[in-house]
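Chemist: What follows is work11.cif, made up of mmCIF, C-alpha atoms:
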```cif
data_final
#
loop_
_atom_site.label_atom_id
_atom_site.label_comp_id
_atom_site.auth_asym_id
_atom_site.auth_seq_id
_atom_site.Cartn_x
_atom_site.Cartn_y
_atom_site.Cartn_z
CA MET I 10 -56.06 18.32 -30.53
CA ALA I 11 -57.47 17.31 -33.88
CA LYS I 12 -55.47 15.22 -36.32
CA ILE I 13 -56.65 16.66 -39.62
CA LYS I 14 -56.75 14.82 -42.92
CA ILE I 15 -56.79 17.47 -45.65
CA ILE I 16 -58.56 16.88 -48.96
CA TYR I 17 -56.81 18.68 -51.83
CA ASN I 18 -58.61 17.25 -54.87
CA THR I 19 -61.68 19.48 -54.60
CA VAL I 20 -62.20 23.18 -55.25
CA PRO I 21 -64.38 25.81 -53.53
CA SER I 22 -67.66 26.78 -55.16
CA PHE I 23 -68.54 30.27 -56.38
CA LYS I 24 -70.57 30.73 -53.18
CA ASP I 25 -67.38 30.24 -51.13
CA TYR I 26 -65.66 33.02 -53.07
CA LEU I 27 -68.59 35.44 -52.79
CA GLY I 28 -67.39 37.06 -49.55
CA ILE I 29 -63.91 37.64 -50.98
CA ILE I 30 -65.41 39.17 -54.14
CA ILE I 31 -67.61 41.53 -52.11
CA VAL I 32 -64.71 42.59 -49.87
CA LEU I 33 -62.36 43.20 -52.80
CA ALA I 34 -65.01 45.23 -54.65
CA LEU I 35 -65.69 47.35 -51.55
CA SER I 36 -61.98 47.75 -50.83
CA PHE I 37 -61.14 48.91 -54.35
CA SER I 38 -64.09 51.32 -54.18
CA VAL I 39 -62.85 52.83 -50.91
CA ASN I 40 -59.31 52.87 -52.27
CA ALA I 41 -60.45 54.84 -55.32
CA SER I 42 -62.25 57.38 -53.13
CA ILE I 43 -59.11 58.17 -51.10
CA GLU I 44 -56.58 58.34 -53.94
CA ASP I 45 -56.79 62.12 -54.23
CA VAL I 46 -56.94 62.74 -50.48
CA GLN I 47 -53.83 64.14 -48.80
CA GLY I 48 -51.85 61.17 -47.51
CA GLY I 49 -53.80 58.87 -49.80
CA THR I 50 -50.89 56.43 -50.24
CA ALA I 51 -50.65 55.81 -46.49
CA LEU I 52 -54.43 55.55 -46.22
CA SER I 53 -54.53 53.00 -49.02
CA LEU I 54 -51.73 50.93 -47.50
CA SER I 55 -53.45 51.04 -44.11
CA LEU I 56 -56.58 49.53 -45.66
CA TRP I 57 -54.70 46.67 -47.35
CA LEU I 58 -52.61 45.96 -44.26
CA GLY I 59 -55.84 45.83 -42.24
CA LEU I 60 -57.32 43.35 -44.71
CA ALA I 61 -54.25 41.14 -44.41
CA PHE I 62 -54.18 41.45 -40.61
CA GLY I 63 -57.87 40.54 -40.28
CA ALA I 64 -57.45 37.54 -42.58
CA VAL I 65 -54.45 36.27 -40.61
CA LEU I 66 -56.17 36.74 -37.25
CA GLN I 67 -59.25 34.87 -38.46
CA ARG I 68 -57.47 31.92 -40.01
CA SER I 69 -54.89 31.44 -37.24
CA ARG I 70 -57.22 32.25 -34.30
CA PHE I 71 -54.70 34.84 -33.16
CA CYS I 72 -56.66 35.93 -30.09
CA PHE I 73 -54.69 36.73 -26.92
CA TYR I 74 -57.47 35.66 -24.56
CA CYS I 75 -58.35 32.50 -26.48
CA VAL I 76 -54.79 31.16 -26.59
CA SER I 77 -54.22 32.13 -22.95
CA ARG I 78 -57.40 30.30 -21.95
CA ASP I 79 -56.22 27.22 -23.85
CA PHE I 80 -53.07 27.27 -21.74
CA ILE I 81 -54.85 27.92 -18.42
CA GLU I 82 -57.53 25.27 -18.94
CA LEU I 83 -55.81 22.66 -21.12
CA LYS I 84 -52.08 23.41 -20.71
CA ASP I 85 -52.03 23.82 -24.49
CA ALA I 86 -49.20 26.30 -25.11
CA LYS I 87 -49.23 26.29 -28.92
CA GLY I 88 -51.18 29.53 -29.21
CA LEU I 89 -48.93 31.40 -26.79
CA LEU I 90 -45.88 30.07 -28.64
CA GLY I 91 -47.36 31.55 -31.82
CA ILE I 92 -47.46 34.96 -30.13
CA ILE I 93 -43.83 34.55 -29.04
CA THR I 94 -42.93 33.68 -32.64
CA ALA I 95 -44.50 36.96 -33.75
CA LEU I 96 -42.53 38.88 -31.11
CA ILE I 97 -39.19 37.30 -32.07
CA VAL I 98 -39.62 37.92 -35.80
CA GLY I 99 -40.97 41.41 -35.14
CA THR I 100 -38.10 42.26 -32.80
CA ILE I 101 -35.53 41.43 -35.47
CA GLY I 102 -37.44 43.36 -38.14
CA TYR I 103 -37.96 46.44 -35.97
CA HIS I 104 -34.30 46.61 -35.01
CA LEU I 105 -33.23 46.43 -38.66
CA ILE I 106 -35.51 49.40 -39.33
CA PHE I 107 -34.33 51.40 -36.30
CA GLY I 108 -30.96 52.04 -37.89
CA ALA I 109 -32.63 53.82 -40.81
CA PHE I 110 -34.19 56.32 -38.42
CA LEU I 111 -31.48 56.55 -35.79
CA LEU I 112 -27.92 55.43 -36.56
CA GLU I 113 -26.83 55.53 -32.92
CA PRO I 114 -29.41 54.85 -30.17
CA VAL I 115 -28.17 57.59 -27.88
CA ALA I 116 -30.52 58.78 -25.13
CA PRO I 117 -32.85 60.62 -25.10
CA ARG I 118 -33.43 60.26 -28.87
CA LEU I 119 -36.02 57.67 -29.92
CA PRO I 120 -37.04 56.26 -33.32
CA PRO I 121 -40.07 58.12 -34.75
CA ASN I 122 -43.52 56.71 -33.94
CA ALA I 123 -42.24 53.65 -32.07
CA HIS I 124 -44.59 52.66 -29.23
CA ILE I 125 -42.37 53.47 -26.25
CA ALA I 126 -44.67 54.49 -23.39
CA PRO I 127 -43.94 55.98 -19.94
CA VAL I 128 -43.41 53.41 -17.21
CA SER I 129 -45.48 54.12 -14.10
CA TRP I 130 -48.14 52.64 -11.86
CA VAL I 131 -50.73 54.04 -14.30
CA LEU I 132 -49.41 51.64 -16.96
CA ILE I 133 -49.80 48.79 -14.47
CA LEU I 134 -53.37 49.87 -13.65
CA GLY I 135 -54.26 50.10 -17.33
CA SER I 136 -52.72 46.70 -18.07
CA LEU I 137 -54.60 45.00 -15.22
CA SER I 138 -57.87 46.61 -16.27
CA PHE I 139 -57.41 45.59 -19.89
CA GLY I 140 -56.53 41.98 -19.04
CA PHE I 141 -59.45 41.61 -16.63
CA GLY I 142 -61.85 43.16 -19.15
CA MET I 143 -60.53 40.93 -21.93
CA ALA I 144 -61.39 37.86 -19.87
CA ILE I 145 -64.87 39.14 -19.03
CA ALA I 146 -65.64 40.09 -22.65
CA GLY I 147 -64.19 36.86 -24.01
CA SER I 148 -61.55 38.35 -26.31
CA CYS I 149 -59.26 41.35 -26.74
CA ILE I 150 -60.11 44.35 -28.94
CA SER I 151 -58.40 43.01 -32.07
CA ALA I 152 -60.18 39.68 -31.65
CA GLN I 153 -63.50 41.48 -31.19
CA LEU I 154 -62.87 43.05 -34.59
CA TYR I 155 -62.11 39.81 -36.39
CA ARG I 156 -64.94 37.98 -34.61
CA LEU I 157 -67.31 40.73 -35.71
CA GLY I 158 -66.21 39.81 -39.22
CA GLU I 159 -67.23 36.22 -38.39
CA GLY I 160 -70.73 37.39 -37.45
CA LEU I 161 -70.36 37.73 -33.64
CA LEU I 162 -72.83 40.53 -32.87
CA SER I 163 -71.94 40.71 -29.17
CA ALA I 164 -68.79 42.53 -30.37
CA ILE I 165 -71.02 45.57 -31.01
CA PHE I 166 -71.82 45.76 -27.29
CA ALA I 167 -68.15 45.33 -26.49
CA PHE I 168 -67.26 48.33 -28.68
CA LEU I 169 -69.96 50.46 -27.06
CA GLY I 170 -68.38 49.59 -23.72
CA ILE I 171 -64.89 50.33 -25.04
CA ILE I 172 -65.97 53.85 -26.07
CA ILE I 173 -67.45 54.48 -22.61
CA GLY I 174 -64.27 53.11 -21.01
CA PHE I 175 -62.21 55.59 -23.03
CA VAL I 176 -64.41 58.46 -21.87
CA LEU I 177 -64.00 57.42 -18.21
CA ALA I 178 -60.23 57.31 -18.71
CA PHE I 179 -60.27 60.75 -20.33
CA LEU I 180 -62.07 62.14 -17.28
CA SER I 181 -59.32 60.84 -14.98
CA TRP I 182 -56.43 61.58 -17.35
CA ASN I 183 -55.32 65.02 -16.15
CA TYR I 184 -54.91 63.89 -12.55
CA LEU I 185 -53.06 60.73 -13.53
CA TYR I 186 -50.81 62.53 -16.01
CA LEU I 187 -49.85 65.39 -13.69
CA SER I 188 -49.36 63.15 -10.64
CA SER I 189 -47.48 60.29 -12.26
CA ILE I 190 -47.18 59.95 -16.04
CA GLN I 191 -45.50 63.31 -16.59
CA GLN I 192 -42.47 62.28 -14.51
CA ALA I 193 -42.44 58.63 -15.64
CA PRO I 194 -39.37 57.45 -17.60
CA LEU I 195 -39.33 56.20 -21.19
CA ILE I 196 -37.21 53.06 -21.06
CA TRP I 197 -35.92 51.80 -24.43
CA PHE I 198 -33.50 48.86 -24.36
CA PRO I 199 -31.17 50.09 -27.17
CA HIS I 200 -30.30 53.12 -25.00
CA TYR I 201 -28.68 50.69 -22.55
CA PHE I 202 -27.54 47.77 -24.71
CA GLY I 203 -27.24 49.13 -28.25
CA TYR I 204 -29.14 47.56 -31.13
CA GLN I 205 -27.29 44.23 -31.10
CA GLY I 206 -27.48 43.93 -27.32
CA SER I 207 -31.16 44.83 -27.37
CA ILE I 208 -31.92 42.08 -29.89
CA ILE I 209 -30.00 39.57 -27.76
CA VAL I 210 -31.77 40.61 -24.55
CA GLN I 211 -35.19 40.47 -26.18
CA ILE I 212 -34.66 37.10 -27.86
CA LEU I 213 -33.17 35.62 -24.67
CA LEU I 214 -36.21 36.74 -22.67
CA LEU I 215 -38.63 35.44 -25.29
CA THR I 216 -36.72 32.16 -25.63
CA MET I 217 -36.76 31.63 -21.87
CA LEU I 218 -40.50 32.29 -21.83
CA ALA I 219 -40.96 29.85 -24.73
CA LEU I 220 -38.96 27.15 -22.94
CA VAL I 221 -41.14 27.51 -19.85
CA LEU I 222 -44.26 27.17 -21.98
CA VAL I 223 -42.85 24.11 -23.80
CA LYS I 224 -42.05 22.55 -20.41
CA LEU I 225 -45.59 23.12 -19.17
CA HIS I 226 -47.26 22.18 -22.46
CA LYS I 227 -49.51 19.13 -22.36
CA GLN I 228 -50.13 17.19 -25.56
CA GLN I 229 -53.82 17.12 -26.38
CA LYS I 230 -55.79 14.02 -27.27
CA GLU I 231 -56.11 13.57 -31.00
CA LYS I 232 -59.25 12.96 -32.98
CA LYS I 233 -59.30 12.54 -36.72
CA ILE I 234 -61.09 15.21 -38.74
CA ILE I 235 -61.44 15.28 -42.51
CA GLN I 236 -61.50 18.78 -43.97
CA GLN I 237 -61.28 20.51 -47.31
CA TRP I 238 -58.07 22.51 -47.67
CA TRP I 239 -59.88 25.87 -47.50
CA ASN I 240 -61.54 24.96 -44.17
CA VAL I 241 -58.31 24.19 -42.31
CA LYS I 242 -57.14 26.63 -39.63
CA TRP I 243 -53.54 27.80 -39.93
CA HIS I 244 -50.95 26.84 -37.33
CA THR I 245 -50.44 29.56 -34.74
CA TYR I 246 -46.75 29.92 -35.57
CA VAL I 247 -47.73 30.64 -39.19
CA GLY I 248 -50.09 33.32 -37.92
CA GLY I 249 -47.32 34.66 -35.69
CA ILE I 250 -44.83 34.98 -38.56
CA LEU I 251 -47.40 36.69 -40.79
CA VAL I 252 -48.50 39.07 -38.01
CA ALA I 253 -44.85 40.03 -37.48
CA LEU I 254 -44.29 40.68 -41.19
CA ILE I 255 -47.42 42.87 -41.34
CA ALA I 256 -46.20 44.73 -38.23
CA ILE I 257 -42.79 45.36 -39.81
CA ILE I 258 -44.29 46.71 -43.04
CA ALA I 259 -46.75 48.88 -41.11
CA PHE I 260 -43.97 50.36 -38.97
CA LEU I 261 -41.76 51.04 -41.96
CA ARG I 262 -44.42 52.60 -44.21
CA VAL I 263 -47.25 53.98 -42.01
CA SER I 264 -47.12 53.54 -38.23
CA PRO I 265 -46.78 50.70 -35.71
CA LEU I 266 -49.69 48.27 -35.44
CA GLY I 267 -52.52 49.31 -33.15
CA VAL I 268 -56.32 49.07 -33.12
CA THR I 269 -57.43 51.57 -30.47
CA ALA I 270 -56.39 54.99 -31.83
CA GLU I 271 -59.46 55.33 -34.04
CA ILE I 272 -61.86 53.97 -31.42
CA GLY I 273 -60.39 56.35 -28.84
CA SER I 274 -60.61 59.24 -31.28
CA ILE I 275 -64.31 58.50 -31.85
CA ALA I 276 -64.81 58.46 -28.08
CA ARG I 277 -62.86 61.70 -27.61
CA THR I 278 -64.70 63.48 -30.43
CA SER I 279 -68.12 62.29 -29.23
CA ALA I 280 -67.45 63.22 -25.61
CA GLY I 281 -66.15 66.62 -26.72
CA TYR I 282 -69.34 67.20 -28.70
CA PHE I 283 -71.38 66.68 -25.52
CA ASN I 284 -68.95 68.87 -23.50
CA ILE I 285 -68.19 66.20 -20.91
CA LEU I 286 -64.39 66.24 -21.25
CA PRO I 287 -61.85 68.60 -19.70
CA VAL I 288 -60.97 71.55 -21.94
CA ARG I 289 -57.44 70.16 -22.21
CA LEU I 290 -56.04 66.64 -21.86
CA GLU I 291 -52.64 67.42 -20.42
CA GLY I 292 -49.66 66.02 -22.34
CA LEU I 293 -51.65 63.34 -24.17
CA ASP I 294 -50.69 64.51 -27.65
CA THR I 295 -46.97 64.46 -26.77
CA LEU I 296 -46.89 60.76 -25.86
CA ARG I 297 -46.28 57.67 -27.99
CA GLY I 298 -48.63 54.79 -28.58
CA CYS I 299 -52.21 54.58 -29.83
CA ILE I 300 -52.87 58.28 -29.24
CA THR I 301 -56.36 59.69 -29.73
CA ILE I 302 -57.16 62.91 -31.56
CA ILE I 303 -60.22 65.03 -32.28
CA LYS I 304 -61.55 63.65 -35.57
CA GLU I 305 -61.70 66.21 -38.37
CA THR I 306 -61.87 63.83 -41.35
CA PHE I 307 -63.92 60.70 -41.95
CA TRP I 308 -61.00 58.41 -42.82
CA SER I 309 -57.75 58.03 -40.94
CA ASN I 310 -54.89 55.56 -41.21
CA ASN I 311 -55.98 53.66 -38.11
CA GLY I 312 -59.65 53.91 -39.04
CA LEU I 313 -59.02 52.30 -42.41
CA PHE I 314 -56.81 49.70 -40.78
CA ILE I 315 -59.50 48.48 -38.35
CA PHE I 316 -62.11 48.70 -41.13
CA GLY I 317 -59.83 46.42 -43.13
CA VAL I 318 -59.47 44.02 -40.20
CA VAL I 319 -63.23 43.42 -40.11
CA LEU I 320 -63.42 43.07 -43.90
CA GLY I 321 -60.42 40.73 -44.07
CA SER I 322 -61.89 38.52 -41.40
CA PHE I 323 -65.28 38.48 -43.14
CA ALA I 324 -63.71 37.52 -46.45
CA LEU I 325 -61.81 34.53 -45.05
CA ALA I 326 -64.64 33.52 -42.69
CA THR I 327 -67.12 33.26 -45.56
CA PHE I 328 -64.55 31.47 -47.72
CA SER I 329 -63.77 28.87 -45.03
CA GLY I 330 -67.32 28.40 -43.79
CA ASP I 331 -66.68 30.05 -40.41
CA PHE I 332 -69.10 32.93 -40.93
CA LYS I 333 -72.31 32.66 -38.92
CA ILE I 334 -74.54 35.42 -37.58
CA GLN I 335 -74.47 34.93 -33.80
CA ILE I 336 -77.18 36.87 -31.94
CA PRO I 337 -76.08 37.22 -28.29
CA LYS I 338 -78.21 36.51 -25.26
CA ILE I 339 -78.77 39.33 -22.75
CA LYS I 340 -76.21 37.91 -20.34
CA GLU I 341 -73.57 37.70 -23.05
CA SER I 342 -74.33 41.25 -24.21
CA ILE I 343 -73.92 42.60 -20.66
CA ARG I 344 -70.69 40.67 -20.18
CA SER I 345 -69.29 42.01 -23.46
CA PHE I 346 -70.34 45.55 -22.56
CA VAL I 347 -68.79 45.49 -19.08
CA GLY I 348 -65.63 43.84 -20.38
CA GLY I 349 -65.48 46.48 -23.09
CA ILE I 350 -65.61 49.29 -20.51
CA LEU I 351 -62.65 47.78 -18.66
CA MET I 352 -60.70 47.27 -21.91
CA GLY I 353 -61.40 50.81 -23.10
CA PHE I 354 -60.37 52.29 -19.75
CA GLY I 355 -57.23 50.14 -19.61
CA SER I 356 -56.13 50.69 -23.20
CA MET I 357 -56.44 54.47 -22.85
CA LEU I 358 -54.29 54.53 -19.69
CA ALA I 359 -51.77 52.10 -21.20
CA LEU I 360 -51.78 54.00 -24.53
CA GLY I 361 -52.72 50.87 -26.42
CA CYS I 362 -53.90 47.28 -26.15
CA THR I 363 -52.46 43.82 -26.80
CA VAL I 364 -51.60 44.92 -30.34
CA GLY I 365 -50.40 48.50 -29.84
CA THR I 366 -48.70 48.29 -26.45
CA LEU I 367 -47.84 44.59 -26.19
CA LEU I 368 -46.97 43.54 -29.76
CA SER I 369 -45.68 46.85 -31.11
CA GLY I 370 -44.17 47.83 -27.75
CA ILE I 371 -42.18 44.63 -27.22
CA MET I 372 -41.09 44.52 -30.87
CA ALA I 373 -39.79 48.07 -30.35
CA ALA I 374 -37.83 46.87 -27.28
CA SER I 375 -39.79 49.09 -24.91
CA LEU I 376 -40.00 48.16 -21.23
CA SER I 377 -43.62 49.37 -21.30
CA GLY I 378 -44.50 46.48 -23.62
CA TRP I 379 -43.06 43.93 -21.22
CA ILE I 380 -44.84 45.49 -18.25
CA PHE I 381 -48.10 45.39 -20.19
CA LEU I 382 -47.50 41.71 -21.01
CA LEU I 383 -46.93 40.83 -17.34
CA PHE I 384 -49.79 42.73 -15.75
CA CYS I 385 -52.26 42.17 -18.58
CA GLY I 386 -51.57 38.45 -18.07
CA ILE I 387 -52.24 38.78 -14.35
CA GLY I 388 -55.45 40.70 -15.03
CA LEU I 389 -56.50 38.09 -17.59
CA TYR I 390 -56.00 35.26 -15.09
CA LEU I 391 -57.93 37.11 -12.37
CA GLY I 392 -60.71 37.79 -14.87
CA TRP I 393 -60.76 34.12 -15.88
CA LEU I 394 -61.08 33.12 -12.21
CA PHE I 395 -63.88 35.66 -11.69
CA ARG I 396 -65.68 34.56 -14.84
CA ASN I 397 -65.58 30.90 -13.83
CA LYS I 398 -66.46 31.49 -10.18
CA TYR I 399 -69.61 33.38 -11.11
CA LYS I 400 -70.28 31.27 -14.23
CA LEU I 401 -70.24 34.22 -16.64
CA THR I 402 -70.54 32.12 -19.78
#
```
Once you've parsed the file, please lay out its structure as C-alpha cells.

Modeler:
Amino acid sequence: MAKIKIIYNTVPSFKDYLGIIIVLALSFSVNASIEDVQGGTALSLSLWLGLAFGAVLQRSRFCFYCVSRDFIELKDAKGLLGIITALIVGTIGYHLIFGAFLLEPVAPRLPPNAHIAPVSWVLILGSLSFGFGMAIAGSCISAQLYRLGEGLLSAIFAFLGIIIGFVLAFLSWNYLYLSSIQQAPLIWFPHYFGYQGSIIVQILLLTMLALVLVKLHKQQKEKKIIQQWWNVKWHTYVGGILVALIAIIAFLRVSPLGVTAEIGSIARTSAGYFNILPVRLEGLDTLRGCITIIKETFWSNNGLFIFGVVLGSFALATFSGDFKIQIPKIKESIRSFVGGILMGFGSMLALGCTVGTLLSGIMAASLSGWIFLLFCGIGLYLGWLFRNKYKLT
C-alpha cells in the first residue's frame, strides 16, 4: 500500500483539462440533439448519470475483478469493503424509495423496474459463467467500459465476445425458460420481513461479510509516493458511497443501474437481422433486470448511460494522467474475447451483470442478487485459478 503525500499548491495545466472540455462539449451536443425526442428528459439524465458513473469507476478503481484479485492474492480487502459500502448505502436508499411505489410490500406485488430476477439453476449457471469470464478477460463489463475510456483497446475484443455470448444465450433461451425459469420464484425480502425487517436483514448480512473481510485483511507494506492532488486515486469507500448515490438517483428517475441491456439489444437486433434467432424468445420481455429489446431507435436510456460511462472515464483519465493507448498483444486479445463470450452468455442468463444483477439486485433486496454474488464469486475464483495455472497473462 502506498503512503501518499499530496501536493496541493499546484494547479493542472490546460492540457490536463482538455479531455474534460472535449467530453463536456460532446455531451452538451448530444444532449441538445435529444431534447425534442420523446423521453428526452430521461435520455438526458441517463447520459449525465453515465458520465458520473464512469468518472467514479475510473477514479476509485471500482472494478469487481480487480478488487477481488487484490483480496485473493494480497489479502487486501479494502476494495471489497468499498463494494459493501455501496450495497449498504444503496439498500437504505432503495428501501426509502420503495414506499413511494408500494406502500405495503404485499406479495405478489413488486416495485416497478426493480431488478428482482427468478431464482433457478439457470441463474447459478449464468453467475458462474460471468464470474469465470470476468477472470479470464481481466475485468467485468462495467470495468471494460471505463478501461476503454482509459485507452485499453483489448476492451473492444471483449465487447465483440460479449455480443457473441449474448447470441449463444439467446439460442438456448427458449429451452431454459420453458424448462426452468418460467416456474422459478421471484423472492423479494420485503414480502417476508417488511421494509424495516428487510433493511435489517440486508445490513446484518453485509455487516457480517464486512467483518469477515476485516478479519482476513492483511495490511500492505507502505511506500511513500508524492502526487499532485489531481493524480490521486479516491478511496474505495468514497467510490462505493458515490456509486450508491448514483444508483439511487437512477432508480428513482430512470431505471436501476445496469450496463448490459444496450449491449444485449445490439446483439439481439444484429442476430435477428441475420435470421439466426428463434422467432420468439419466450417470456423474456416479461422479466425484470437488464432486458434486451429489438432496437428501433439509435439512442436509448441504457445506451446513453454506457456511452456516458466511457466518456466520463476518458475525461477523468486524461485529467489525472491515467489515459494511455494500450494496444493489446494477440494473446491478450484472445483472452479478452473468450472472457467476453462467457460474460455475455452469463449476463444474459442472469439478466444482468455485476452492476445490474449484483449491485441493483442486492440493493433491491432480491435473493437473485445474493445468489449472483455467491456464484459469480465462485466462478471468479475458479477463473483466477485457471488463468494462473495456464499463465494467461

Chemist: Any idea what's packed within 6 Å of segment 187-203 of chain I, counting all atoms listed in the file, ignoring anything in its chain fewer than 5 positions away? Could you give it as a PyMOL selection string?

Modeler: chain I and resi 114-116+127-129+374-376

Chemist: On this structure, which residues satisfy the PyMOL selection byres ((chain I and resi 297) around 12), written as an NGL selection string?

Modeler: :I and (119-128 or 195 or 264-265 or 267 or 270 or 292-296 or 298-301 or 357-361 or 365-366 or 369-370 or 373 or 375 or 377)

Chemist: Set out as JSON lines a contact list for segment 280-319 of chain I and segment 51-55 of chain I with a cut-off of 12 Å, giving each residue of segment 280-319 of chain I that qualifies its closest atom pair and distance in Å to one decimal, counting all atoms listed in the file, ordered by chain and rising residue number.

Modeler:
```
{"residue": "I:Phe307", "atom": "CA", "partner": "I:Leu52", "partner_atom": "CA", "distance": 11.6}
{"residue": "I:Trp308", "atom": "CA", "partner": "I:Leu52", "partner_atom": "CA", "distance": 7.9}
{"residue": "I:Ser309", "atom": "CA", "partner": "I:Leu52", "partner_atom": "CA", "distance": 6.7}
{"residue": "I:Asn310", "atom": "CA", "partner": "I:Leu52", "partner_atom": "CA", "distance": 5.0}
{"residue": "I:Asn311", "atom": "CA", "partner": "I:Ser55", "partner_atom": "CA", "distance": 7.0}
{"residue": "I:Gly312", "atom": "CA", "partner": "I:Ser55", "partner_atom": "CA", "distance": 8.5}
{"residue": "I:Leu313", "atom": "CA", "partner": "I:Ser55", "partner_atom": "CA", "distance": 6.0}
{"residue": "I:Phe314", "atom": "CA", "partner": "I:Ser55", "partner_atom": "CA", "distance": 4.9}
{"residue": "I:Ile315", "atom": "CA", "partner": "I:Ser55", "partner_atom": "CA", "distance": 8.7}
{"residue": "I:Phe316", "atom": "CA", "partner": "I:Ser55", "partner_atom": "CA", "distance": 9.5}
{"residue": "I:Gly317", "atom": "CA", "partner": "I:Ser55", "partner_atom": "CA", "distance": 7.9}
{"residue": "I:Val318", "atom": "CA", "partner": "I:Ser55", "partner_atom": "CA", "distance": 10.0}
```

Chemist: With only C-alpha atoms as the atoms that count, which of I:Ile171, I:Leu320, I:Leu83, I:Leu351 lies nearest to Val65 of chain I?

Modeler: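 With only C-alpha atoms as the atom set, the closest residue is I:Leu320.
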
Chemist: For Asp25 of chain I, which residue out of I:Gly102, I:Pro337, I:Pro117, I:Gly330 is the nearest one, using all atoms listed in the file?

Modeler: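 Answer, going by the shortest atom-to-atom distance: I:Gly330.
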
Chemist: Starting from the PyMOL selection byres ((chain I and resi 90) around 12), expand the selection into actual residues of this file and give them as number ranges by chain.

Modeler: I: 71, 73, 76-77, 79-80, 85-89, 91-97, 215-226, 244-250

Chemist: Looking at all atoms listed in the file, which of I:Thr50, I:Thr100, I:Gln236, I:Ser163 is the one that sits closest to Ile208 of chain I?

Modeler: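 Residue with the minimum atom-to-atom distance to Ile208 of chain I: I:Thr100.
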
Chemist: Quick one: of I:Leu401, I:Val319, I:Met352, I:Val364, who's nearest to Gly140 of chain I, counting only C-alpha atoms?

Modeler: I:Met352

Chemist: Calculated over only C-alpha atoms, which of the candidates I:Ile43, I:Ala152, I:Thr363, I:Trp379 has the smallest distance to Leu214 of chain I?

Modeler: I:Trp379

Chemist: Centre and edge lengths, as JSON, for the axis-aligned box enclosing every listed atom of segment 367-381 of chain I with 8 Å of padding on each of the six sides, in Å to one decimal?

Modeler:
```
{"center_x": -43.0, "center_y": 46.5, "center_z": -24.7, "size_x": 26.3, "size_y": 21.8, "size_z": 28.9}
```

Chemist: Quick one: residues within 8 Å of segment 176-180 of chain I, all atoms listed in the file counted, chain neighbours fewer than 5 positions away excluded, as a PyMOL selection string?

Modeler: chain I and resi 276-277+280+286-287+290+353-355+357-358

Chemist: Once the PyMOL selection byres ((chain I and resi 74) around 8) has been evaluated on this model, what residues remain selected, and can you format them as a PDB file with C-alpha atoms, in the frame of the given file?

Modeler:
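Written output follows (expr-v8.pdb):
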```
ATOM      1  CA  CYS I  72     -56.660  35.930 -30.090  1.00  0.00           C
ATOM      2  CA  PHE I  73     -54.690  36.730 -26.920  1.00  0.00           C
ATOM      3  CA  CYS I  75     -58.350  32.500 -26.480  1.00  0.00           C
ATOM      4  CA  VAL I  76     -54.790  31.160 -26.590  1.00  0.00           C
ATOM      5  CA  SER I  77     -54.220  32.130 -22.950  1.00  0.00           C
ATOM      6  CA  ARG I  78     -57.400  30.300 -21.950  1.00  0.00           C
ATOM      7  CA  MET I 143     -60.530  40.930 -21.930  1.00  0.00           C
ATOM      8  CA  ALA I 144     -61.390  37.860 -19.870  1.00  0.00           C
ATOM      9  CA  GLY I 147     -64.190  36.860 -24.010  1.00  0.00           C
ATOM     10  CA  SER I 148     -61.550  38.350 -26.310  1.00  0.00           C
ATOM     11  CA  CYS I 149     -59.260  41.350 -26.740  1.00  0.00           C
ATOM     12  CA  LEU I 389     -56.500  38.090 -17.590  1.00  0.00           C
TER      13      LEU I 389
END
```

Chemist: In Å to one decimal, how far is atom CA of Ser151 of chain I from atom CA of Ser181 of chain I?

Modeler: 24.7 Å
